[in-house]
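Structure data (mmCIF, C-alpha atoms and all ligand atoms) from target_4.cif:
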data_work
loop_
_atom_site.group_PDB
_atom_site.id
_atom_site.type_symbol
_atom_site.label_atom_id
_atom_site.label_comp_id
_atom_site.auth_asym_id
_atom_site.auth_seq_id
_atom_site.Cartn_x
_atom_site.Cartn_y
_atom_site.Cartn_z
ATOM 1 C CA MET A 22 -6.427 2.397 -39.409
ATOM 2 C CA THR A 23 -6.442 -0.661 -37.191
ATOM 3 C CA VAL A 24 -5.278 -0.740 -33.588
ATOM 4 C CA GLU A 25 -1.995 -2.607 -33.194
ATOM 5 C CA LEU A 26 -0.229 -0.721 -30.381
ATOM 6 C CA ALA A 27 -0.905 -0.811 -26.648
ATOM 7 C CA VAL A 28 0.498 1.750 -24.241
ATOM 8 C CA VAL A 29 1.133 0.172 -20.839
ATOM 9 C CA PRO A 30 1.859 2.719 -18.086
ATOM 10 C CA VAL A 31 4.085 1.155 -15.421
ATOM 11 C CA ALA A 32 5.739 4.217 -13.905
ATOM 12 C CA GLY A 33 3.722 4.410 -10.635
ATOM 13 C CA ARG A 34 5.729 3.914 -7.430
ATOM 14 C CA GLY A 35 3.298 1.402 -5.878
ATOM 15 C CA THR A 36 3.464 3.091 -2.472
ATOM 16 C CA ARG A 37 0.297 1.324 -1.300
ATOM 17 C CA LEU A 38 2.245 -1.941 -1.465
ATOM 18 C CA LEU A 39 5.300 -0.953 0.582
ATOM 19 C CA PRO A 40 7.566 -2.567 1.667
ATOM 20 C CA LEU A 41 6.972 -5.122 -1.132
ATOM 21 C CA THR A 42 7.549 -2.504 -3.814
ATOM 22 C CA LYS A 43 10.574 -0.786 -2.316
ATOM 23 C CA SER A 44 13.016 -2.276 -4.811
ATOM 24 C CA GLN A 45 10.750 -4.184 -7.209
ATOM 25 C CA PRO A 46 8.010 -2.894 -9.491
ATOM 26 C CA LYS A 47 4.449 -3.751 -8.435
ATOM 27 C CA GLU A 48 3.909 -4.916 -12.025
ATOM 28 C CA MET A 49 6.463 -7.693 -11.372
ATOM 29 C CA LEU A 50 4.707 -9.071 -8.284
ATOM 30 C CA PRO A 51 3.778 -12.734 -8.654
ATOM 31 C CA VAL A 52 0.148 -13.689 -9.109
ATOM 32 C CA GLY A 53 0.210 -17.477 -9.136
ATOM 33 C CA ARG A 54 2.955 -18.502 -11.567
ATOM 34 C CA LYS A 55 3.564 -15.264 -13.437
ATOM 35 C CA PRO A 56 4.275 -11.611 -12.731
ATOM 36 C CA VAL A 57 1.264 -9.323 -13.154
ATOM 37 C CA VAL A 58 2.578 -7.599 -16.258
ATOM 38 C CA GLN A 59 3.094 -10.880 -18.125
ATOM 39 C CA TYR A 60 -0.646 -11.571 -17.830
ATOM 40 C CA VAL A 61 -1.356 -8.080 -19.159
ATOM 41 C CA ILE A 62 0.839 -8.606 -22.220
ATOM 42 C CA GLU A 63 -0.550 -12.109 -22.846
ATOM 43 C CA GLU A 64 -4.083 -10.709 -22.711
ATOM 44 C CA LEU A 65 -3.194 -7.951 -25.187
ATOM 45 C CA THR A 66 -1.475 -10.280 -27.658
ATOM 46 C CA ARG A 67 -4.410 -12.709 -27.520
ATOM 47 C CA CYS A 68 -6.593 -9.719 -28.431
ATOM 48 C CA GLY A 69 -4.524 -9.131 -31.578
ATOM 49 C CA LEU A 70 -2.188 -6.306 -30.502
ATOM 50 C CA THR A 71 1.380 -6.682 -31.747
ATOM 51 C CA LYS A 72 3.230 -3.649 -30.344
ATOM 52 C CA VAL A 73 3.631 -2.678 -26.710
ATOM 53 C CA LEU A 74 4.964 0.634 -25.484
ATOM 54 C CA PHE A 75 5.796 0.632 -21.785
ATOM 55 C CA VAL A 76 5.849 4.014 -20.074
ATOM 56 C CA THR A 77 8.346 3.282 -17.326
ATOM 57 C CA GLY A 78 9.962 5.183 -14.487
ATOM 58 C CA PRO A 79 12.680 4.769 -11.859
ATOM 59 C CA GLY A 80 13.310 1.224 -10.635
ATOM 60 C CA LYS A 81 11.404 -0.521 -13.425
ATOM 61 C CA THR A 82 14.215 -2.194 -15.388
ATOM 62 C CA ALA A 83 13.072 -5.641 -14.164
ATOM 63 C CA ILE A 84 10.130 -5.264 -16.572
ATOM 64 C CA GLU A 85 12.441 -4.707 -19.553
ATOM 65 C CA ASN A 86 14.584 -7.678 -18.499
ATOM 66 C CA HIS A 87 11.512 -9.886 -18.174
ATOM 67 C CA PHE A 88 10.477 -9.371 -21.798
ATOM 68 C CA ASP A 89 13.984 -9.714 -23.253
ATOM 69 C CA ILE A 90 15.127 -13.001 -24.760
ATOM 70 C CA ASP A 91 17.512 -14.443 -22.188
ATOM 71 C CA GLY A 92 19.976 -16.462 -24.284
ATOM 72 C CA GLU A 93 22.109 -17.361 -21.273
ATOM 73 C CA LEU A 94 19.188 -18.822 -19.350
ATOM 74 C CA ILE A 95 18.036 -20.768 -22.416
ATOM 75 C CA ALA A 96 21.546 -22.203 -22.892
ATOM 76 C CA HIS A 97 21.761 -23.051 -19.185
ATOM 77 C CA LEU A 98 18.444 -24.942 -19.271
ATOM 78 C CA ARG A 99 19.616 -26.893 -22.351
ATOM 79 C CA GLU A 100 23.023 -27.718 -20.872
ATOM 80 C CA THR A 101 21.542 -28.908 -17.595
ATOM 81 C CA GLY A 102 18.948 -31.124 -19.265
ATOM 82 C CA LYS A 103 15.968 -28.982 -18.214
ATOM 83 C CA GLU A 104 14.519 -28.583 -21.699
ATOM 84 C CA GLU A 105 10.980 -28.969 -20.366
ATOM 85 C CA LEU A 106 11.367 -25.598 -18.614
ATOM 86 C CA LEU A 107 11.937 -23.831 -21.944
ATOM 87 C CA GLU A 108 8.158 -23.907 -22.307
ATOM 88 C CA GLU A 109 7.981 -21.435 -19.391
ATOM 89 C CA LEU A 110 9.964 -18.949 -21.477
ATOM 90 C CA ALA A 111 7.801 -19.308 -24.598
ATOM 91 C CA PHE A 112 6.286 -15.868 -23.947
ATOM 92 C CA GLU A 113 9.692 -14.323 -24.776
ATOM 93 C CA ARG A 114 9.300 -15.428 -28.370
ATOM 94 C CA GLU A 115 5.719 -14.134 -28.862
ATOM 95 C CA ASN A 116 5.291 -12.065 -31.992
ATOM 96 C CA VAL A 117 5.371 -8.745 -30.106
ATOM 97 C CA GLU A 118 7.580 -5.695 -30.542
ATOM 98 C CA TYR A 119 8.454 -3.854 -27.332
ATOM 99 C CA PHE A 120 9.177 -0.161 -26.990
ATOM 100 C CA TYR A 121 10.055 1.789 -23.872
ATOM 101 C CA THR A 122 9.808 5.412 -22.914
ATOM 102 C CA ARG A 123 10.140 7.105 -19.526
ATOM 103 C CA GLN A 124 7.785 9.273 -17.570
ATOM 104 C CA ARG A 125 10.441 11.564 -16.174
ATOM 105 C CA ARG A 126 8.198 13.266 -13.635
ATOM 106 C CA GLN A 127 5.428 11.630 -11.594
ATOM 107 C CA LEU A 128 2.525 13.822 -12.707
ATOM 108 C CA GLY A 129 -0.225 11.202 -12.932
ATOM 109 C CA LEU A 130 -1.754 8.638 -15.297
ATOM 110 C CA GLY A 131 -2.834 11.244 -17.862
ATOM 111 C CA HIS A 132 0.702 12.585 -18.032
ATOM 112 C CA ALA A 133 2.079 9.035 -18.399
ATOM 113 C CA VAL A 134 -0.160 8.468 -21.438
ATOM 114 C CA LEU A 135 0.895 11.833 -22.872
ATOM 115 C CA CYS A 136 4.543 10.703 -22.609
ATOM 116 C CA ALA A 137 3.639 8.077 -25.240
ATOM 117 C CA ALA A 138 2.524 10.700 -27.794
ATOM 118 C CA PRO A 139 5.817 11.063 -29.717
ATOM 119 C CA VAL A 140 5.932 7.291 -30.312
ATOM 120 C CA VAL A 141 2.206 6.776 -30.953
ATOM 121 C CA GLY A 142 1.882 9.678 -33.406
ATOM 122 C CA GLY A 143 -1.460 9.789 -35.211
ATOM 123 C CA GLN A 144 -2.425 6.106 -34.900
ATOM 124 C CA PRO A 145 -5.221 4.782 -32.672
ATOM 125 C CA PHE A 146 -3.980 2.847 -29.645
ATOM 126 C CA ALA A 147 -5.042 0.885 -26.577
ATOM 127 C CA VAL A 148 -4.095 1.707 -23.000
ATOM 128 C CA ALA A 149 -3.814 -1.167 -20.509
ATOM 129 C CA LEU A 150 -2.894 -0.348 -16.921
ATOM 130 C CA GLY A 151 0.045 -2.550 -15.954
ATOM 131 C CA ASP A 152 -1.257 -3.334 -12.453
ATOM 132 C CA SER A 153 -4.630 -4.799 -13.479
ATOM 133 C CA ILE A 154 -5.402 -8.256 -14.861
ATOM 134 C CA ILE A 155 -8.757 -8.770 -16.591
ATOM 135 C CA GLY A 156 -10.366 -12.178 -16.140
ATOM 136 C CA LEU A 157 -9.048 -15.280 -14.407
ATOM 137 C CA GLN A 158 -5.690 -16.238 -16.009
ATOM 138 C CA ALA A 159 -6.136 -13.073 -18.112
ATOM 139 C CA GLN A 160 -8.406 -14.895 -20.570
ATOM 140 C CA SER A 161 -10.405 -11.732 -21.298
ATOM 141 C CA GLN A 162 -11.148 -10.773 -24.894
ATOM 142 C CA VAL A 163 -12.593 -7.416 -23.877
ATOM 143 C CA VAL A 164 -9.865 -5.404 -25.644
ATOM 144 C CA ARG A 165 -10.554 -7.238 -28.914
ATOM 145 C CA ARG A 166 -14.229 -6.343 -28.536
ATOM 146 C CA MET A 167 -13.346 -2.720 -27.683
ATOM 147 C CA VAL A 168 -11.218 -2.445 -30.831
ATOM 148 C CA GLU A 169 -14.125 -3.836 -32.930
ATOM 149 C CA VAL A 170 -16.512 -1.297 -31.389
ATOM 150 C CA PHE A 171 -13.947 1.519 -31.849
ATOM 151 C CA GLU A 172 -13.634 0.710 -35.548
ATOM 152 C CA SER A 173 -17.255 -0.101 -36.402
ATOM 153 C CA ARG A 174 -18.717 2.888 -34.504
ATOM 154 C CA ARG A 175 -15.920 5.281 -35.534
ATOM 155 C CA ALA A 176 -15.483 6.251 -31.907
ATOM 156 C CA ASP A 177 -12.878 8.577 -30.412
ATOM 157 C CA ALA A 178 -12.572 6.425 -27.314
ATOM 158 C CA VAL A 179 -13.894 3.117 -25.991
ATOM 159 C CA ILE A 180 -13.502 2.340 -22.299
ATOM 160 C CA ALA A 181 -14.059 -0.889 -20.340
ATOM 161 C CA PHE A 182 -16.321 -0.645 -17.298
ATOM 162 C CA GLU A 183 -17.070 -2.855 -14.331
ATOM 163 C CA ALA A 184 -19.976 -2.498 -11.881
ATOM 164 C CA VAL A 185 -18.652 -1.822 -8.359
ATOM 165 C CA PRO A 186 -20.423 -1.580 -4.992
ATOM 166 C CA ARG A 187 -21.690 1.979 -4.356
ATOM 167 C CA ASP A 188 -19.295 2.650 -1.489
ATOM 168 C CA GLU A 189 -16.293 1.843 -3.733
ATOM 169 C CA VAL A 190 -16.933 4.485 -6.400
ATOM 170 C CA VAL A 191 -14.461 6.763 -4.582
ATOM 171 C CA HIS A 192 -11.574 4.641 -5.943
ATOM 172 C CA TYR A 193 -12.423 4.808 -9.658
ATOM 173 C CA GLY A 194 -13.269 6.829 -12.712
ATOM 174 C CA ILE A 195 -17.092 6.627 -12.829
ATOM 175 C CA ALA A 196 -19.288 6.761 -15.953
ATOM 176 C CA ALA A 197 -22.302 8.963 -16.490
ATOM 177 C CA PRO A 198 -23.993 6.873 -19.211
ATOM 178 C CA ARG A 199 -26.164 8.766 -21.707
ATOM 179 C CA GLY A 200 -28.833 6.049 -21.660
ATOM 180 C CA PRO A 201 -29.211 2.608 -20.144
ATOM 181 C CA VAL A 202 -26.034 0.539 -19.792
ATOM 182 C CA ALA A 203 -26.055 -1.999 -22.625
ATOM 183 C CA GLU A 204 -23.367 -4.048 -24.413
ATOM 184 C CA VAL A 205 -22.137 -0.756 -25.812
ATOM 185 C CA PHE A 206 -23.240 2.563 -24.326
ATOM 186 C CA GLU A 207 -22.440 6.208 -24.861
ATOM 187 C CA LEU A 208 -20.897 8.353 -22.141
ATOM 188 C CA ALA A 209 -22.284 11.771 -21.238
ATOM 189 C CA ASP A 210 -19.494 12.323 -18.717
ATOM 190 C CA LEU A 211 -16.755 10.616 -16.718
ATOM 191 C CA VAL A 212 -15.818 11.631 -13.173
ATOM 192 C CA GLU A 213 -12.592 10.673 -11.393
ATOM 193 C CA LYS A 214 -13.109 9.248 -7.890
ATOM 194 C CA PRO A 215 -16.377 11.017 -6.979
ATOM 195 C CA ALA A 216 -17.853 11.096 -3.470
ATOM 196 C CA VAL A 217 -20.456 8.343 -2.955
ATOM 197 C CA ASP A 218 -23.374 10.808 -2.999
ATOM 198 C CA GLN A 219 -22.095 12.512 -6.158
ATOM 199 C CA ALA A 220 -21.322 9.454 -8.276
ATOM 200 C CA PRO A 221 -23.331 9.440 -11.525
ATOM 201 C CA SER A 222 -23.458 5.600 -11.525
ATOM 202 C CA HIS A 223 -21.642 2.579 -10.120
ATOM 203 C CA TRP A 224 -19.869 1.789 -13.420
ATOM 204 C CA ALA A 225 -16.120 2.070 -12.870
ATOM 205 C CA VAL A 226 -13.336 2.391 -15.460
ATOM 206 C CA ALA A 227 -11.708 -1.058 -15.588
ATOM 207 C CA ALA A 228 -8.117 -0.333 -16.637
ATOM 208 C CA ARG A 229 -8.553 -0.794 -20.414
ATOM 209 C CA TYR A 230 -9.091 1.977 -22.994
ATOM 210 C CA VAL A 231 -8.907 2.413 -26.781
ATOM 211 C CA PHE A 232 -8.225 5.941 -28.044
ATOM 212 C CA SER A 233 -7.805 7.905 -31.229
ATOM 213 C CA SER A 234 -4.861 10.275 -31.119
ATOM 214 C CA ALA A 235 -7.382 13.085 -30.353
ATOM 215 C CA ILE A 236 -6.892 12.208 -26.669
ATOM 216 C CA PHE A 237 -3.399 13.733 -26.781
ATOM 217 C CA ASP A 238 -4.706 17.247 -27.461
ATOM 218 C CA CYS A 239 -7.164 16.833 -24.597
ATOM 219 C CA LEU A 240 -4.343 15.656 -22.319
ATOM 220 C CA ARG A 241 -2.256 18.691 -23.268
ATOM 221 C CA GLN A 242 -5.149 20.917 -22.160
ATOM 222 C CA THR A 243 -5.835 19.005 -18.926
ATOM 223 C CA LYS A 244 -4.824 20.725 -15.695
ATOM 224 C CA PRO A 245 -3.945 18.723 -12.559
ATOM 225 C CA GLY A 246 -7.123 17.368 -10.916
ATOM 226 C CA LYS A 247 -7.669 14.728 -8.180
ATOM 227 C CA ALA A 248 -4.531 14.233 -6.060
ATOM 228 C CA ASP A 249 -3.026 17.170 -7.959
ATOM 229 C CA GLU A 250 -2.265 14.800 -10.865
ATOM 230 C CA ILE A 251 -3.053 15.042 -14.574
ATOM 231 C CA GLN A 252 -5.927 12.581 -14.786
ATOM 232 C CA LEU A 253 -6.692 10.530 -17.887
ATOM 233 C CA THR A 254 -10.342 10.675 -16.811
ATOM 234 C CA ASP A 255 -10.329 14.491 -17.024
ATOM 235 C CA ALA A 256 -8.928 14.342 -20.568
ATOM 236 C CA VAL A 257 -11.712 11.910 -21.570
ATOM 237 C CA ARG A 258 -14.214 14.310 -20.034
ATOM 238 C CA LEU A 259 -12.812 17.103 -22.200
ATOM 239 C CA LEU A 260 -12.981 14.850 -25.260
ATOM 240 C CA ILE A 261 -16.706 14.315 -24.570
ATOM 241 C CA ARG A 262 -17.277 18.065 -24.071
ATOM 242 C CA GLN A 263 -15.575 18.791 -27.375
ATOM 243 C CA GLY A 264 -18.075 16.510 -29.121
ATOM 244 C CA GLY A 265 -15.966 13.332 -29.229
ATOM 245 C CA LYS A 266 -17.788 10.001 -29.356
ATOM 246 C CA VAL A 267 -16.832 8.119 -26.191
ATOM 247 C CA LEU A 268 -18.327 4.661 -25.701
ATOM 248 C CA GLY A 269 -18.363 2.228 -22.796
ATOM 249 C CA VAL A 270 -18.190 -1.556 -22.925
ATOM 250 C CA PRO A 271 -19.021 -3.471 -19.713
ATOM 251 C CA LEU A 272 -16.814 -6.437 -18.832
ATOM 252 C CA PRO A 273 -18.740 -9.599 -19.766
ATOM 253 C CA SER A 274 -20.453 -11.316 -16.835
ATOM 254 C CA GLY A 275 -18.085 -13.750 -15.164
ATOM 255 C CA GLU A 276 -15.096 -11.545 -15.989
ATOM 256 C CA ARG A 277 -13.606 -9.243 -13.411
ATOM 257 C CA ARG A 278 -10.645 -6.954 -12.906
ATOM 258 C CA PHE A 279 -7.912 -8.124 -10.540
ATOM 259 C CA ASP A 280 -6.256 -5.047 -9.072
ATOM 260 C CA ILE A 281 -2.678 -5.368 -7.853
ATOM 261 C CA GLY A 282 -2.641 -1.821 -6.456
ATOM 262 C CA ASN A 283 -3.308 -2.586 -2.773
ATOM 263 C CA PHE A 284 -2.791 -5.507 -0.411
ATOM 264 C CA ALA A 285 -6.433 -6.578 -0.007
ATOM 265 C CA SER A 286 -7.033 -6.968 -3.742
ATOM 266 C CA TYR A 287 -3.520 -8.335 -4.371
ATOM 267 C CA PHE A 288 -4.121 -11.125 -1.838
ATOM 268 C CA GLU A 289 -7.484 -11.875 -3.473
ATOM 269 C CA ALA A 290 -5.900 -12.032 -6.923
ATOM 270 C CA PHE A 291 -3.093 -14.311 -5.773
ATOM 271 C CA ALA A 292 -5.541 -16.650 -4.041
ATOM 272 C CA ALA A 293 -7.851 -16.816 -7.071
ATOM 273 C CA PHE A 294 -5.001 -17.536 -9.514
ATOM 274 C CA ALA A 295 -3.249 -20.050 -7.237
ATOM 275 C CA LEU A 296 -6.526 -21.905 -6.644
ATOM 276 C CA ALA A 297 -7.142 -22.020 -10.404
ATOM 277 C CA ASP A 298 -3.634 -23.337 -11.092
ATOM 278 C CA ALA A 299 -3.822 -26.460 -13.275
ATOM 279 C CA GLN A 300 -0.950 -28.185 -11.492
ATOM 280 C CA ASP A 301 -1.156 -27.168 -7.823
ATOM 281 C CA GLY A 302 -4.607 -25.564 -7.438
ATOM 282 C CA LEU A 303 -6.433 -28.653 -6.250
ATOM 283 C CA ALA A 304 -3.913 -29.488 -3.532
ATOM 284 C CA LEU A 305 -3.951 -25.870 -2.342
ATOM 285 C CA ARG A 306 -7.760 -25.965 -2.167
ATOM 286 C CA GLU A 307 -7.629 -29.070 0.045
ATOM 287 C CA HIS A 308 -4.936 -27.512 2.204
ATOM 288 C CA LEU A 309 -6.927 -24.295 2.657
ATOM 289 C CA LYS A 310 -10.090 -26.234 3.485
ATOM 290 C CA ARG A 311 -8.227 -28.031 6.262
ATOM 291 C CA MET A 312 -6.664 -24.783 7.480
ATOM 292 C CA LEU A 313 -10.003 -22.959 7.583
ATOM 293 C CA CYS A 314 -11.828 -25.796 9.333
ATOM 294 C CA ASP A 315 -9.263 -26.083 12.151
HETATM 295 C C1 LIG B 1 -6.876 4.627 -12.305
HETATM 296 C C2 LIG B 1 -7.823 5.600 -13.006
HETATM 297 C C3 LIG B 1 -9.269 5.308 -12.626
HETATM 298 C C4 LIG B 1 -9.596 3.846 -12.902
HETATM 299 C C5 LIG B 1 -8.596 2.931 -12.160
HETATM 300 C C6 LIG B 1 -8.830 1.452 -12.476
HETATM 301 O O1 LIG B 1 -6.903 4.903 -10.916
HETATM 302 O O2 LIG B 1 -7.454 6.931 -12.685
HETATM 303 O O3 LIG B 1 -10.128 6.149 -13.364
HETATM 304 O O4 LIG B 1 -10.921 3.536 -12.522
HETATM 305 O O5 LIG B 1 -7.253 3.264 -12.531
HETATM 306 O O6 LIG B 1 -8.740 1.201 -13.818
HETATM 307 P P1 LIG B 1 -5.748 4.380 -9.894
HETATM 308 O O7 LIG B 1 -6.096 2.974 -9.573
HETATM 309 O O8 LIG B 1 -4.448 4.518 -10.617
HETATM 310 O O9 LIG B 1 -5.850 5.290 -8.704
#

In structure tokens, how does this file's structure come out?
Amino acid sequence: MTVELAVVPVAGRGTRLLPLTKSQPKEMLPVGRKPVVQYVIEELTRCGLTKVLFVTGPGKTAIENHFDIDGELIAHLRETGKEELLEELAFERENVEYFYTRQRRQLGLGHAVLCAAPVVGGQPFAVALGDSIIGLQAQSQVVRRMVEVFESRRADAVIAFEAVPRDEVVHYGIAAPRGPVAEVFELADLVEKPAVDQAPSHWAVAARYVFSSAIFDCLRQTKPGKADEIQLTDAVRLLIRQGGKVLGVPLPSGERRFDIGNFASYFEAFAAFALADAQDGLALREHLKRMLCD
């Protein structure tokens, strides 16, 4: 059974980005020309996925509106002779089906994924965190590669990893690889946000996963962990302990995860995307050079 559906959890409140996120979802924050979540969906569709299930929560209707076809806006652009701007709305007509479900209680990422179970059923699926962009302009093909590995190795889960500095392991799910880290490696364990001196490696979960539906049973058995939340990492850990085959795929060199979860990394992401902008990037670069030299 091939992987065609991606679950995109977008229910988190984004409290680390207040006041920006008081009345708008963090997934709708601009990074260069587009909101974060548009990059995520474009990445997934480029990787061959055709169905997206958003797990939403309070205050997230802007995401649904963004992916709807806005007939009024299209008509307005035509009537006012701004046809060239229709190109900016081309993403609305991508060959993607959208589904929405709600996480009715804020019980953590693992719980958000479990909310998708009635829609996902027994099919394999990807999970892409809605506040993380992979690769500059989201050009990453890592999910396509993860799906290939999932199918060819008959895995129960494939997870993307990124090497992080040792002192940053406290922010991530961290892999305990069974052997050396190669293009594909097996996991012996996965630990959510370990202390620096207890981290089994510096390979951090990078916001993309592919799962068989076996993860749902593990999630149902997972008790609240770090931050008193039901952690996806803890369910993966259980999957490994029950004999599931869980594989890791490192992000290719030159590709990184842009995290829109806190101000420092949001600023970095915006700067990187604005500087890479085909139309205005060069002028911004010159402007910044002058600013920094003054
Ligand atoms: C979540 C996961 C963590 C992962 C991170 C980035 O943490 O729980 O394992 O490494 O996303 O993909 P959060 O950033 O929601 O605290």

Box along x, y and z, 8 Å on every side, all listed atoms of ligand LIG 1 (chain B) inside: centre and edge lengths in Å to one decimal, as JSON.
{"center_x": -7.7, "center_y": 4.1, "center_z": -11.3, "size_x": 22.5, "size_y": 21.7, "size_z": 21.1}

I'd like a table as JSON lines: residues in segment 82-112 of chain A with an atom no more than 9 Å from segment 55-61 of chain A, each row giving the shortest atom pair and its distance in Å to one decimal, all atoms listed in the file counted, sorted by chain and rising residue number.
{"residue": "A:Ile84", "atom": "CA", "partner": "A:Val58", "partner_atom": "CA", "distance": 7.9}
{"residue": "A:His87", "atom": "CA", "partner": "A:Gln59", "partner_atom": "CA", "distance": 8.5}
{"residue": "A:Phe88", "atom": "CA", "partner": "A:Gln59", "partner_atom": "CA", "distance": 8.4}
{"residue": "A:Phe112", "atom": "CA", "partner": "A:Gln59", "partner_atom": "CA", "distance": 8.3}

The PyMOL selection byres (((chain A and resi 270) around 7) and not hetatm) - which residues does that actually catch in the file I just gave you? List them as a ChimeraX atom specification.
/A:167,180-182,204-206,268-269,271-272

Would you mind exporting C-alpha atoms of the selected residues as a CSV table (one decimal), in the frame of the given file?
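Final file, result-v7.csv:
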chain,number,residue,atom,x,y,z
A,167,MET,CA,-13.3,-2.7,-27.7
A,180,ILE,CA,-13.5,2.3,-22.3
A,181,ALA,CA,-14.1,-0.9,-20.3
A,182,PHE,CA,-16.3,-0.6,-17.3
A,204,GLU,CA,-23.4,-4.0,-24.4
A,205,VAL,CA,-22.1,-0.8,-25.8
A,206,PHE,CA,-23.2,2.6,-24.3
A,268,LEU,CA,-18.3,4.7,-25.7
A,269,GLY,CA,-18.4,2.2,-22.8
A,271,PRO,CA,-19.0,-3.5,-19.7
A,272,LEU,CA,-16.8,-6.4,-18.8

Using all atoms listed in the file, find each residue in chain A having at least one atom no more than 8 Å away from ligand LIG 1 (chain B); report its shortest atom-to-atom pair and that distance in Å (one decimal), rows by chain then rising number, as a tab-separated table.
residue	atom	partner	partner_atom	distance
A:Leu130	CA	B:LIG1	O2	6.5
A:Leu150	CA	B:LIG1	O6	6.8
A:Ser153	CA	B:LIG1	O6	7.3
A:His192	CA	B:LIG1	O9	6.4
A:Tyr193	CA	B:LIG1	O4	3.5
A:Gly194	CA	B:LIG1	O3	3.3
A:Ile195	CA	B:LIG1	O4	6.9
A:Val212	CA	B:LIG1	O3	7.9
A:Glu213	CA	B:LIG1	O3	5.5
A:Lys214	CA	B:LIG1	O3	7.0
A:Ala225	CA	B:LIG1	O4	5.4
A:Val226	CA	B:LIG1	O4	4.0
A:Ala227	CA	B:LIG1	O6	4.1
A:Ala228	CA	B:LIG1	O6	3.3
A:Arg229	CA	B:LIG1	O6	6.9
A:Gln252	CA	B:LIG1	O2	6.2
A:Leu253	CA	B:LIG1	O2	6.4
A:Thr254	CA	B:LIG1	O3	5.7
A:Asp280	CA	B:LIG1	C6	7.8
A:Gly282	CA	B:LIG1	O7	6.7

Selection file, C-alpha atoms, as a PDB file, in the coordinates of the input:
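Result file follows (again34.pdb):
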ATOM      1  CA  LEU A 130      -1.754   8.638 -15.297  1.00  0.00           C
ATOM      2  CA  LEU A 150      -2.894  -0.348 -16.921  1.00  0.00           C
ATOM      3  CA  SER A 153      -4.630  -4.799 -13.479  1.00  0.00           C
ATOM      4  CA  HIS A 192     -11.574   4.641  -5.943  1.00  0.00           C
ATOM      5  CA  TYR A 193     -12.423   4.808  -9.658  1.00  0.00           C
ATOM      6  CA  GLY A 194     -13.269   6.829 -12.712  1.00  0.00           C
ATOM      7  CA  ILE A 195     -17.092   6.627 -12.829  1.00  0.00           C
ATOM      8  CA  VAL A 212     -15.818  11.631 -13.173  1.00  0.00           C
ATOM      9  CA  GLU A 213     -12.592  10.673 -11.393  1.00  0.00           C
ATOM     10  CA  LYS A 214     -13.109   9.248  -7.890  1.00  0.00           C
ATOM     11  CA  ALA A 225     -16.120   2.070 -12.870  1.00  0.00           C
ATOM     12  CA  VAL A 226     -13.336   2.391 -15.460  1.00  0.00           C
ATOM     13  CA  ALA A 227     -11.708  -1.058 -15.588  1.00  0.00           C
ATOM     14  CA  ALA A 228      -8.117  -0.333 -16.637  1.00  0.00           C
ATOM     15  CA  ARG A 229      -8.553  -0.794 -20.414  1.00  0.00           C
ATOM     16  CA  GLN A 252      -5.927  12.581 -14.786  1.00  0.00           C
ATOM     17  CA  LEU A 253      -6.692  10.530 -17.887  1.00  0.00           C
ATOM     18  CA  THR A 254     -10.342  10.675 -16.811  1.00  0.00           C
ATOM     19  CA  ASP A 280      -6.256  -5.047  -9.072  1.00  0.00           C
ATOM     20  CA  GLY A 282      -2.641  -1.821  -6.456  1.00  0.00           C
TER      21      GLY A 282
END

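If you measure from each of A:Gly143, A:Gly265, A:Pro201, A:Gly102 to Asp177 of chain A using all atoms listed in the file, the closest one turns out to be A:Gly265.
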
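The nearest approach to Val148 of chain A among the residues A:Val179, A:Leu50, A:Met312, A:Val267, with only C-alpha atoms taken into account, belongs to A:Val179.
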
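Proximity to Val185 of chain A was assessed for A:Thr82, A:Ser222, A:Ser161, A:Thr122 counting all atoms listed in the file; the smallest distance is recorded for A:Ser222.
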
Of the listed residues A:Leu39, A:Leu26, A:Val164, A:Ala203, that which approaches Gly142 of chain A most closely, counting all atoms listed in the file:
A:Leu26

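Counting only C-alpha atoms, the residue from A:Gly275, A:Arg258, A:Glu169, A:Gly156 that sits nearest to Ala290 of chain A is A:Gly156.
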
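Considering the residues A:Gln160, A:Ser233, A:Gln219, A:Ser274 and counting all atoms listed in the file, Leu65 of chain A has its shortest atom-to-atom contact with A:Gln160.
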
Between atom CA of Ala209 of chain A and atom CA of Ala197 of chain A, what is the distance in Å, rounded to a tenth?
5.5 Å

Which residues, named as in the file, does the PyMOL selection byres (((chain A and resi 30) around 10) and not hetatm) pick out? Answer as number ranges by chain.
A: 27-29, 31-33, 48, 74-78, 122-124, 130-134, 136-137, 148-152

Export of prior selection with C-alpha atoms as a CSV table (one decimal), keeping the file's coordinate frame:
chain,number,residue,atom,x,y,z
A,27,ALA,CA,-0.9,-0.8,-26.6
A,28,VAL,CA,0.5,1.8,-24.2
A,29,VAL,CA,1.1,0.2,-20.8
A,31,VAL,CA,4.1,1.2,-15.4
A,32,ALA,CA,5.7,4.2,-13.9
A,33,GLY,CA,3.7,4.4,-10.6
A,48,GLU,CA,3.9,-4.9,-12.0
A,74,LEU,CA,5.0,0.6,-25.5
A,75,PHE,CA,5.8,0.6,-21.8
A,76,VAL,CA,5.8,4.0,-20.1
A,77,THR,CA,8.3,3.3,-17.3
A,78,GLY,CA,10.0,5.2,-14.5
A,122,THR,CA,9.8,5.4,-22.9
A,123,ARG,CA,10.1,7.1,-19.5
A,124,GLN,CA,7.8,9.3,-17.6
A,130,LEU,CA,-1.8,8.6,-15.3
A,131,GLY,CA,-2.8,11.2,-17.9
A,132,HIS,CA,0.7,12.6,-18.0
A,133,ALA,CA,2.1,9.0,-18.4
A,134,VAL,CA,-0.2,8.5,-21.4
A,136,CYS,CA,4.5,10.7,-22.6
A,137,ALA,CA,3.6,8.1,-25.2
A,148,VAL,CA,-4.1,1.7,-23.0
A,149,ALA,CA,-3.8,-1.2,-20.5
A,150,LEU,CA,-2.9,-0.3,-16.9
A,151,GLY,CA,0.0,-2.6,-16.0
A,152,ASP,CA,-1.3,-3.3,-12.5
